[in-house]
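Engineer: I am sharing start-v1.txt, which consists of compact mmCIF, C-alpha atoms and all ligand atoms:
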```txt
# COMPACT_ATOMS: atom_id res chain seq x y z
CA MET A 12 90.97 118.32 105.07
CA LYS A 13 90.33 114.68 104.09
CA VAL A 14 89.59 113.65 100.50
CA ALA A 15 87.08 110.91 99.59
CA PRO A 16 86.92 110.20 95.83
CA SER A 17 83.59 108.74 94.70
CA LEU A 18 84.08 105.48 92.82
CA LEU A 19 81.01 106.31 90.72
CA SER A 20 83.18 108.34 88.35
CA CYS A 21 86.07 105.88 87.95
CA ASP A 22 86.88 103.69 84.95
CA PHE A 23 84.99 100.49 85.80
CA LEU A 24 86.74 98.51 83.06
CA ASN A 25 89.95 98.99 85.02
CA LEU A 26 88.72 98.89 88.58
CA GLN A 27 91.80 97.26 90.08
CA SER A 28 94.19 99.79 88.57
CA GLU A 29 91.85 102.62 89.60
CA ILE A 30 92.06 101.41 93.22
CA LYS A 31 95.86 101.33 92.94
CA ARG A 32 95.89 104.87 91.53
CA LEU A 33 93.80 106.03 94.48
CA GLU A 34 96.19 104.33 96.92
CA SER A 35 99.18 105.99 95.23
CA ALA A 36 97.45 109.37 95.49
CA GLU A 37 97.14 108.74 99.26
CA ILE A 38 93.45 109.54 99.43
CA ASP A 39 91.73 109.32 102.84
CA TYR A 40 88.46 107.49 102.18
CA LEU A 41 87.13 105.55 99.20
CA HIS A 42 83.51 106.79 98.82
CA PHE A 43 81.26 103.92 97.69
CA ASP A 44 77.84 105.11 96.44
CA VAL A 45 75.05 102.53 96.66
CA MET A 46 71.79 103.40 94.82
CA ASP A 47 68.72 101.18 94.91
CA GLY A 48 66.45 102.63 92.22
CA MET A 49 63.85 103.38 94.94
CA PHE A 50 65.27 105.97 97.29
CA VAL A 51 67.01 107.57 94.31
CA PRO A 52 66.11 107.30 90.63
CA ASN A 53 69.25 105.36 89.70
CA ILE A 54 70.93 102.01 90.39
CA SER A 55 74.67 101.65 90.99
CA PHE A 56 76.60 98.74 92.53
CA ALA A 57 76.83 96.75 95.74
CA PHE A 58 78.20 93.54 97.27
CA PRO A 59 80.17 91.64 94.61
CA ILE A 60 82.11 94.78 93.75
CA LEU A 61 82.61 95.80 97.38
CA ASN A 62 83.86 92.32 98.28
CA GLN A 63 86.39 92.36 95.48
CA ILE A 64 87.60 95.87 96.30
CA ARG A 65 87.99 94.88 99.96
CA SER A 66 90.14 91.92 98.93
CA ILE A 67 92.73 94.14 97.24
CA THR A 68 92.95 97.26 99.42
CA ASP A 69 93.24 98.50 102.99
CA LEU A 70 91.74 101.90 102.09
CA THR A 71 88.97 103.09 104.41
CA ILE A 72 85.71 102.33 102.57
CA ASP A 73 83.09 105.02 103.19
CA THR A 74 79.74 103.53 102.10
CA HIS A 75 76.94 105.98 101.26
CA LEU A 76 73.65 104.06 101.26
CA MET A 77 71.10 105.78 99.02
CA VAL A 78 68.76 102.93 99.86
CA GLN A 79 65.20 102.81 101.23
CA ASP A 80 65.01 101.09 104.64
CA PRO A 81 68.78 100.62 104.89
CA GLU A 82 68.42 98.42 108.03
CA ARG A 83 67.82 95.55 105.60
CA TYR A 84 71.39 95.74 104.32
CA ILE A 85 73.57 97.21 107.09
CA ASP A 86 74.93 93.83 108.30
CA ALA A 87 75.67 92.75 104.74
CA PHE A 88 77.62 95.94 103.98
CA ALA A 89 79.57 95.55 107.20
CA SER A 90 80.49 91.95 106.30
CA ALA A 91 81.38 92.93 102.74
CA GLY A 92 84.04 95.32 104.01
CA SER A 93 82.65 98.81 104.65
CA ASP A 94 84.45 100.79 107.36
CA ILE A 95 81.94 103.64 107.57
CA ILE A 96 78.24 103.15 106.78
CA THR A 97 76.08 106.22 106.20
CA VAL A 98 72.27 106.16 106.02
CA HIS A 99 69.81 108.85 104.90
CA VAL A 100 67.52 110.41 107.51
CA GLU A 101 64.74 110.35 104.86
CA ALA A 102 65.13 106.62 104.16
CA THR A 103 64.21 105.10 107.52
CA ASN A 104 61.49 105.41 110.16
CA HIS A 105 64.01 104.29 112.78
CA LEU A 106 67.14 106.37 112.33
CA HIS A 107 68.46 105.82 115.84
CA ARG A 108 68.01 102.08 115.59
CA ALA A 109 69.81 102.03 112.23
CA ILE A 110 72.78 103.82 113.82
CA GLN A 111 72.80 101.35 116.71
CA GLN A 112 72.74 98.53 114.20
CA ILE A 113 75.78 99.94 112.39
CA HIS A 114 77.72 100.32 115.65
CA ALA A 115 76.80 96.76 116.64
CA THR A 116 78.76 95.56 113.59
CA GLY A 117 81.84 97.41 114.87
CA LYS A 118 81.76 99.96 112.02
CA LYS A 119 81.53 103.73 112.10
CA ALA A 120 78.07 105.21 111.59
CA GLY A 121 77.12 108.23 109.51
CA VAL A 122 73.89 110.09 108.85
CA THR A 123 73.12 112.13 105.75
CA LEU A 124 70.39 114.44 104.48
CA ASN A 125 69.13 115.62 101.12
CA PRO A 126 69.35 119.30 100.09
CA GLY A 127 65.62 119.75 100.76
CA THR A 128 65.78 118.30 104.28
CA PRO A 129 66.28 120.67 107.24
CA VAL A 130 69.45 120.08 109.26
CA GLU A 131 67.38 119.95 112.46
CA THR A 132 66.17 116.46 111.46
CA VAL A 133 69.59 114.98 112.30
CA VAL A 134 70.06 116.83 115.61
CA PRO A 135 68.58 113.99 117.74
CA VAL A 136 71.38 111.64 116.62
CA LEU A 137 74.34 114.00 116.52
CA SER A 138 75.79 112.66 119.76
CA ASP A 139 75.56 109.09 118.40
CA VAL A 140 77.18 109.38 114.96
CA ASP A 141 80.80 109.40 113.80
CA LEU A 142 80.06 111.35 110.63
CA VAL A 143 77.45 113.69 109.15
CA LEU A 144 77.30 113.85 105.36
CA VAL A 145 75.84 117.06 103.94
CA MET A 146 74.46 116.46 100.43
CA THR A 147 75.09 119.43 98.18
CA VAL A 148 73.25 117.86 95.22
CA ASN A 149 70.11 115.76 95.06
CA PRO A 150 71.50 112.22 95.31
CA GLY A 151 71.39 109.78 92.42
CA PHE A 152 73.86 111.07 89.87
CA GLY A 153 77.42 112.29 89.57
CA GLY A 154 78.32 115.46 87.71
CA GLN A 155 75.61 117.78 89.07
CA GLN A 156 75.97 121.37 90.18
CA PHE A 157 76.77 122.29 93.81
CA ILE A 158 73.72 123.73 95.63
CA GLU A 159 75.08 126.65 97.58
CA ASN A 160 72.10 126.93 99.98
CA CYS A 161 73.31 123.74 101.67
CA VAL A 162 76.47 125.43 102.97
CA GLU A 163 74.47 126.88 105.87
CA LYS A 164 74.05 123.30 107.15
CA ILE A 165 77.83 122.81 107.29
CA ARG A 166 78.13 125.98 109.39
CA PHE A 167 75.35 124.84 111.71
CA LEU A 168 76.93 121.40 112.20
CA GLU A 169 80.32 122.95 112.90
CA SER A 170 79.04 125.31 115.57
CA PHE A 171 76.74 122.64 117.09
CA ARG A 172 79.74 120.31 117.39
CA LYS A 173 81.78 122.95 119.13
CA MET A 174 78.95 123.97 121.45
CA HIS A 175 78.21 120.39 122.53
CA LYS A 176 81.83 119.16 122.47
CA LEU A 177 81.03 116.43 119.93
CA THR A 178 83.46 114.70 117.57
CA TYR A 179 81.59 113.76 114.37
CA GLU A 180 83.27 114.52 111.06
CA ILE A 181 81.45 116.79 108.61
CA GLU A 182 81.60 115.40 105.07
CA VAL A 183 80.25 117.13 101.95
CA ASP A 184 79.08 115.32 98.79
CA GLY A 185 78.01 116.64 95.40
CA GLY A 186 79.43 119.14 92.96
CA VAL A 187 82.70 119.48 94.84
CA ASN A 188 85.51 120.97 92.75
CA ASP A 189 88.47 123.33 93.23
CA VAL A 190 86.13 126.33 93.74
CA THR A 191 83.34 124.81 95.85
CA ALA A 192 85.94 123.00 98.02
CA ASN A 193 87.01 126.37 99.40
CA ILE A 194 83.43 127.28 100.28
CA CYS A 195 83.08 123.96 102.17
CA ARG A 196 86.43 124.39 103.94
CA GLU A 197 85.55 127.88 105.15
CA ALA A 198 82.19 126.63 106.43
CA GLY A 199 83.86 123.92 108.55
CA ALA A 200 83.88 120.70 106.46
CA ASP A 201 86.40 117.97 107.33
CA VAL A 202 85.95 115.54 104.42
CA LEU A 203 85.20 116.29 100.75
CA VAL A 204 83.68 113.71 98.42
CA ALA A 205 84.44 114.32 94.75
CA GLY A 206 83.57 112.21 91.71
CA SER A 207 83.53 113.88 88.29
CA TYR A 208 86.00 116.63 89.22
CA PHE A 209 88.42 114.15 90.80
CA PHE A 210 88.57 111.55 88.04
CA LYS A 211 88.90 114.01 85.16
CA HIS A 212 92.57 114.37 86.16
CA ASP A 213 95.21 111.99 84.74
CA ASP A 214 97.38 112.42 87.82
CA LEU A 215 95.16 111.84 90.87
CA THR A 216 97.67 113.44 93.23
CA VAL A 217 96.65 116.79 91.68
CA PRO A 218 92.97 116.89 92.75
CA THR A 219 93.94 115.28 96.07
CA ALA A 220 96.29 118.16 96.86
CA ILE A 221 93.89 120.83 95.54
CA LEU A 222 90.92 119.53 97.55
CA ARG A 223 93.05 119.22 100.66
CA GLY A 224 93.93 122.88 100.23
CA GLU A 225 97.68 122.27 99.83
C1 LIG B 1 75.56 111.53 94.27
C2 LIG B 1 76.63 110.73 94.96
C3 LIG B 1 77.96 111.38 94.90
C4 LIG B 1 78.51 111.57 93.51
C5 LIG B 1 79.32 112.81 93.53
O1 LIG B 1 74.37 110.88 94.40
O2 LIG B 1 76.30 110.54 96.32
O3 LIG B 1 78.90 110.77 95.78
O4 LIG B 1 79.29 110.49 93.07
O5 LIG B 1 79.66 113.12 92.23
P1 LIG B 1 80.16 114.57 91.79
O6 LIG B 1 81.40 114.87 92.62
O7 LIG B 1 80.46 114.41 90.34
O8 LIG B 1 79.05 115.52 92.09
ZN ZN B 2 77.89 109.86 97.76
```
Please go through the file and, once you have read it, give me the structure as structure tokens.
Ligand code: DX5
Ligand code: ZN
Structural biologist:
Amino acid sequence: MKVAPSLLSCDFLNLQSEIKRLESAEIDYLHFDVMDGMFVPNISFAFPILNQIRSITDLTIDTHLMVQDPERYIDAFASAGSDIITVHVEATNHLHRAIQQIHATGKKAGVTLNPGTPVETVVPVLSDVDLVLVMTVNPGFGGQQFIENCVEKIRFLESFRKMHKLTYEIEVDGGVNDVTANICREAGADVLVAGSYFFKHDDLTVPTAILRGE
């Protein structure tokens, strides 16, 4: 199991030392949540911060775009240093084109879906993506409760992958903690995003090991 801490819950006054703590904890992906105040009712951070993070770390940056019409910004996020760029199926009229655009930058492409969106909506692109992110909260805020109904989507994506011999990773985001991590693992998840649960620990090697299932 891979672990992807969400930067949204870190101590922004000490961003550089937070990045170093994450490196020391040997996390897998740094999850970078971008909110535009349109697709989700909140605004977070974007390019100046991403550029500066990229300049001090080789960590894999996993960018989650909670942005309406993400095509407008894909090239800019690729240039700023994202390694994986994930777009919402609900946020674009041209999902397939957005995925092509991400791949044209040389980066990995992900697709994600809100809790209220049926998993079938991403099926047409499953052979084109490197990652599928299953939202287990309504996006926009950290610290919300895991929505258990979404677990069925993880199971579906796992068996679809097997049946069609595909290779996308299944990532889960929202309300992940020591208890819900086990539910996701059993359902077939490969990557767990965690914000509030992860950063409440003083020693970040602890939640890393727990989420990995060690
Ligand atoms: C929610 C974000 C998440 C968030 C997770 O909109 O996409 O990545 O930071 O936070 P927790 O783990 O606290 O639910
Ligand atoms: Zn996220």
Engineer: Given the choices A:Asn53, A:Asn160, A:Asn104, A:Thr68, which gets closest to Ser28 of chain A if the distance is worked out from all atoms listed in the file?
Structural biologist: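 Among the listed residues, the smallest separation from Ser28 of chain A belongs to A:Thr68.
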Engineer: For segment 71-81 of chain A, find every residue with an atom within 6 Å (counting only C-alpha atoms), except residues of its own chain fewer than 5 positions away, and show them as a list in words.
Structural biologist: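 Result of the neighbour search: Tyr40, Leu41, His42, Phe43, Asp44, Val45, Met46, Asp47, Phe50, Ser93, Asp94, Ile95, Ile96, Thr97, Val98, Ala102 and Thr103 of chain A.
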Engineer: May I have the residues at most 8 Å from (69.4, 112.7, 110.4) in the file's coordinates, counting only C-alpha atoms, as a PyMOL selection string?
Structural biologist: chain A and resi 99-101+106+122-124+130-137
Engineer: Please compute the atom CA of His107 of chain A-atom CA of Ser90 of chain A distance, one decimal, in Å.
Structural biologist: 20.7 Å
Engineer: Set up a box along x, y and z of the file covering all listed atoms of ligand LIG 1 (chain B), add 6 Å on every one of the six sides, and write the centre and edge lengths in Å to one decimal, as JSON.
Structural biologist:
```
{"center_x": 77.9, "center_y": 113.0, "center_z": 93.3, "size_x": 19.0, "size_y": 17.0, "size_z": 18.0}
```
Engineer: Would you compute the distance between atom CA of Leu222 of chain A and atom CA of Ala200 of chain A? Give it in Å to one decimal.
Structural biologist: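 Answer for the atom CA of Leu222 of chain A to atom CA of Ala200 of chain A separation: 11.4 Å.
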Engineer: Counting only C-alpha atoms and all ligand atoms, which protein, DNA or RNA residues come within 10 Å of ligand LIG 1 (chain B), given as an MDAnalysis selection string?
Structural biologist: chainID A and resid 15:21 42:46 51:53 55 74:77 125 144 146:157 183:188 203:211
Engineer: What is the atom CA of Glu34 of chain A-atom CA of Pro218 of chain A distance in Å, reported with one decimal?
Structural biologist: 13.6 Å
Engineer: Could you please fill out segment 163-189 of chain A with N, CA, C and O atoms and send it back as a PDB file, in the frame of the given file?
Structural biologist:
```pdb
ATOM      1  N   GLU A 163      74.946 126.464 104.538  1.00  0.00           N
ATOM      2  CA  GLU A 163      74.470 126.880 105.870  1.00  0.00           C
ATOM      3  C   GLU A 163      74.420 125.686 106.834  1.00  0.00           C
ATOM      4  O   GLU A 163      74.677 125.829 108.035  1.00  0.00           O
ATOM      5  N   LYS A 164      74.117 124.505 106.310  1.00  0.00           N
ATOM      6  CA  LYS A 164      74.050 123.300 107.150  1.00  0.00           C
ATOM      7  C   LYS A 164      75.434 122.922 107.664  1.00  0.00           C
ATOM      8  O   LYS A 164      75.575 122.438 108.791  1.00  0.00           O
ATOM      9  N   ILE A 165      76.449 123.115 106.844  1.00  0.00           N
ATOM     10  CA  ILE A 165      77.830 122.810 107.290  1.00  0.00           C
ATOM     11  C   ILE A 165      78.177 123.732 108.453  1.00  0.00           C
ATOM     12  O   ILE A 165      78.702 123.280 109.481  1.00  0.00           O
ATOM     13  N   ARG A 166      77.841 125.002 108.314  1.00  0.00           N
ATOM     14  CA  ARG A 166      78.130 125.980 109.390  1.00  0.00           C
ATOM     15  C   ARG A 166      77.397 125.596 110.676  1.00  0.00           C
ATOM     16  O   ARG A 166      77.970 125.623 111.759  1.00  0.00           O
ATOM     17  N   PHE A 167      76.140 125.229 110.533  1.00  0.00           N
ATOM     18  CA  PHE A 167      75.350 124.840 111.710  1.00  0.00           C
ATOM     19  C   PHE A 167      76.001 123.640 112.406  1.00  0.00           C
ATOM     20  O   PHE A 167      76.175 123.636 113.630  1.00  0.00           O
ATOM     21  N   LEU A 168      76.367 122.627 111.606  1.00  0.00           N
ATOM     22  CA  LEU A 168      76.930 121.400 112.200  1.00  0.00           C
ATOM     23  C   LEU A 168      78.266 121.669 112.873  1.00  0.00           C
ATOM     24  O   LEU A 168      78.585 121.067 113.898  1.00  0.00           O
ATOM     25  N   GLU A 169      79.021 122.600 112.313  1.00  0.00           N
ATOM     26  CA  GLU A 169      80.320 122.950 112.900  1.00  0.00           C
ATOM     27  C   GLU A 169      80.121 123.653 114.238  1.00  0.00           C
ATOM     28  O   GLU A 169      80.780 123.309 115.236  1.00  0.00           O
ATOM     29  N   SER A 170      79.201 124.601 114.302  1.00  0.00           N
ATOM     30  CA  SER A 170      79.040 125.310 115.570  1.00  0.00           C
ATOM     31  C   SER A 170      78.324 124.432 116.607  1.00  0.00           C
ATOM     32  O   SER A 170      78.651 124.475 117.790  1.00  0.00           O
ATOM     33  N   PHE A 171      77.414 123.562 116.158  1.00  0.00           N
ATOM     34  CA  PHE A 171      76.740 122.640 117.090  1.00  0.00           C
ATOM     35  C   PHE A 171      77.777 121.696 117.718  1.00  0.00           C
ATOM     36  O   PHE A 171      77.740 121.434 118.926  1.00  0.00           O
ATOM     37  N   ARG A 172      78.693 121.232 116.902  1.00  0.00           N
ATOM     38  CA  ARG A 172      79.740 120.310 117.390  1.00  0.00           C
ATOM     39  C   ARG A 172      80.591 120.971 118.460  1.00  0.00           C
ATOM     40  O   ARG A 172      80.877 120.383 119.486  1.00  0.00           O
ATOM     41  N   LYS A 173      80.952 122.211 118.178  1.00  0.00           N
ATOM     42  CA  LYS A 173      81.780 122.950 119.130  1.00  0.00           C
ATOM     43  C   LYS A 173      81.006 123.169 120.441  1.00  0.00           C
ATOM     44  O   LYS A 173      81.506 122.896 121.529  1.00  0.00           O
ATOM     45  N   MET A 174      79.764 123.631 120.286  1.00  0.00           N
ATOM     46  CA  MET A 174      78.950 123.970 121.450  1.00  0.00           C
ATOM     47  C   MET A 174      78.716 122.767 122.358  1.00  0.00           C
ATOM     48  O   MET A 174      78.723 122.881 123.573  1.00  0.00           O
ATOM     49  N   HIS A 175      78.533 121.583 121.735  1.00  0.00           N
ATOM     50  CA  HIS A 175      78.210 120.390 122.530  1.00  0.00           C
ATOM     51  C   HIS A 175      79.405 119.458 122.712  1.00  0.00           C
ATOM     52  O   HIS A 175      79.239 118.316 123.168  1.00  0.00           O
ATOM     53  N   LYS A 176      80.587 119.950 122.331  1.00  0.00           N
ATOM     54  CA  LYS A 176      81.830 119.160 122.470  1.00  0.00           C
ATOM     55  C   LYS A 176      81.687 117.757 121.871  1.00  0.00           C
ATOM     56  O   LYS A 176      81.998 116.746 122.512  1.00  0.00           O
ATOM     57  N   LEU A 177      81.197 117.703 120.618  1.00  0.00           N
ATOM     58  CA  LEU A 177      81.030 116.430 119.930  1.00  0.00           C
ATOM     59  C   LEU A 177      82.196 116.213 118.948  1.00  0.00           C
ATOM     60  O   LEU A 177      83.009 117.122 118.745  1.00  0.00           O
ATOM     61  N   THR A 178      82.257 115.029 118.356  1.00  0.00           N
ATOM     62  CA  THR A 178      83.460 114.700 117.570  1.00  0.00           C
ATOM     63  C   THR A 178      83.163 114.203 116.150  1.00  0.00           C
ATOM     64  O   THR A 178      84.070 113.773 115.452  1.00  0.00           O
ATOM     65  N   TYR A 179      81.903 114.238 115.722  1.00  0.00           N
ATOM     66  CA  TYR A 179      81.590 113.760 114.370  1.00  0.00           C
ATOM     67  C   TYR A 179      82.354 114.537 113.303  1.00  0.00           C
ATOM     68  O   TYR A 179      82.629 115.722 113.468  1.00  0.00           O
ATOM     69  N   GLU A 180      82.676 113.830 112.210  1.00  0.00           N
ATOM     70  CA  GLU A 180      83.270 114.520 111.060  1.00  0.00           C
ATOM     71  C   GLU A 180      82.148 115.077 110.184  1.00  0.00           C
ATOM     72  O   GLU A 180      81.078 114.461 110.067  1.00  0.00           O
ATOM     73  N   ILE A 181      82.406 116.205 109.550  1.00  0.00           N
ATOM     74  CA  ILE A 181      81.450 116.790 108.610  1.00  0.00           C
ATOM     75  C   ILE A 181      81.978 116.541 107.200  1.00  0.00           C
ATOM     76  O   ILE A 181      83.058 117.028 106.838  1.00  0.00           O
ATOM     77  N   GLU A 182      81.211 115.760 106.440  1.00  0.00           N
ATOM     78  CA  GLU A 182      81.600 115.400 105.070  1.00  0.00           C
ATOM     79  C   GLU A 182      80.623 116.072 104.111  1.00  0.00           C
ATOM     80  O   GLU A 182      79.439 116.223 104.440  1.00  0.00           O
ATOM     81  N   VAL A 183      81.108 116.467 102.941  1.00  0.00           N
ATOM     82  CA  VAL A 183      80.250 117.130 101.950  1.00  0.00           C
ATOM     83  C   VAL A 183      80.324 116.346 100.636  1.00  0.00           C
ATOM     84  O   VAL A 183      81.404 115.910 100.229  1.00  0.00           O
ATOM     85  N   ASP A 184      79.165 116.176  99.987  1.00  0.00           N
ATOM     86  CA  ASP A 184      79.080 115.320  98.790  1.00  0.00           C
ATOM     87  C   ASP A 184      78.193 115.965  97.737  1.00  0.00           C
ATOM     88  O   ASP A 184      77.005 116.223  97.985  1.00  0.00           O
ATOM     89  N   GLY A 185      78.789 116.181  96.548  1.00  0.00           N
ATOM     90  CA  GLY A 185      78.010 116.640  95.400  1.00  0.00           C
ATOM     91  C   GLY A 185      78.497 117.960  94.843  1.00  0.00           C
ATOM     92  O   GLY A 185      78.463 118.978  95.526  1.00  0.00           O
ATOM     93  N   GLY A 186      78.992 117.911  93.619  1.00  0.00           N
ATOM     94  CA  GLY A 186      79.430 119.140  92.960  1.00  0.00           C
ATOM     95  C   GLY A 186      80.677 119.762  93.556  1.00  0.00           C
ATOM     96  O   GLY A 186      80.919 120.962  93.387  1.00  0.00           O
ATOM     97  N   VAL A 187      81.471 118.937  94.234  1.00  0.00           N
ATOM     98  CA  VAL A 187      82.700 119.480  94.840  1.00  0.00           C
ATOM     99  C   VAL A 187      83.796 119.568  93.775  1.00  0.00           C
ATOM    100  O   VAL A 187      84.083 118.604  93.072  1.00  0.00           O
ATOM    101  N   ASN A 188      84.396 120.745  93.675  1.00  0.00           N
ATOM    102  CA  ASN A 188      85.510 120.970  92.750  1.00  0.00           C
ATOM    103  C   ASN A 188      86.488 121.949  93.404  1.00  0.00           C
ATOM    104  O   ASN A 188      86.343 122.261  94.601  1.00  0.00           O
ATOM    105  N   ASP A 189      87.443 122.454  92.650  1.00  0.00           N
ATOM    106  CA  ASP A 189      88.470 123.330  93.230  1.00  0.00           C
ATOM    107  C   ASP A 189      87.858 124.613  93.826  1.00  0.00           C
ATOM    108  O   ASP A 189      88.351 125.138  94.822  1.00  0.00           O
TER     109      ASP A 189
END
```
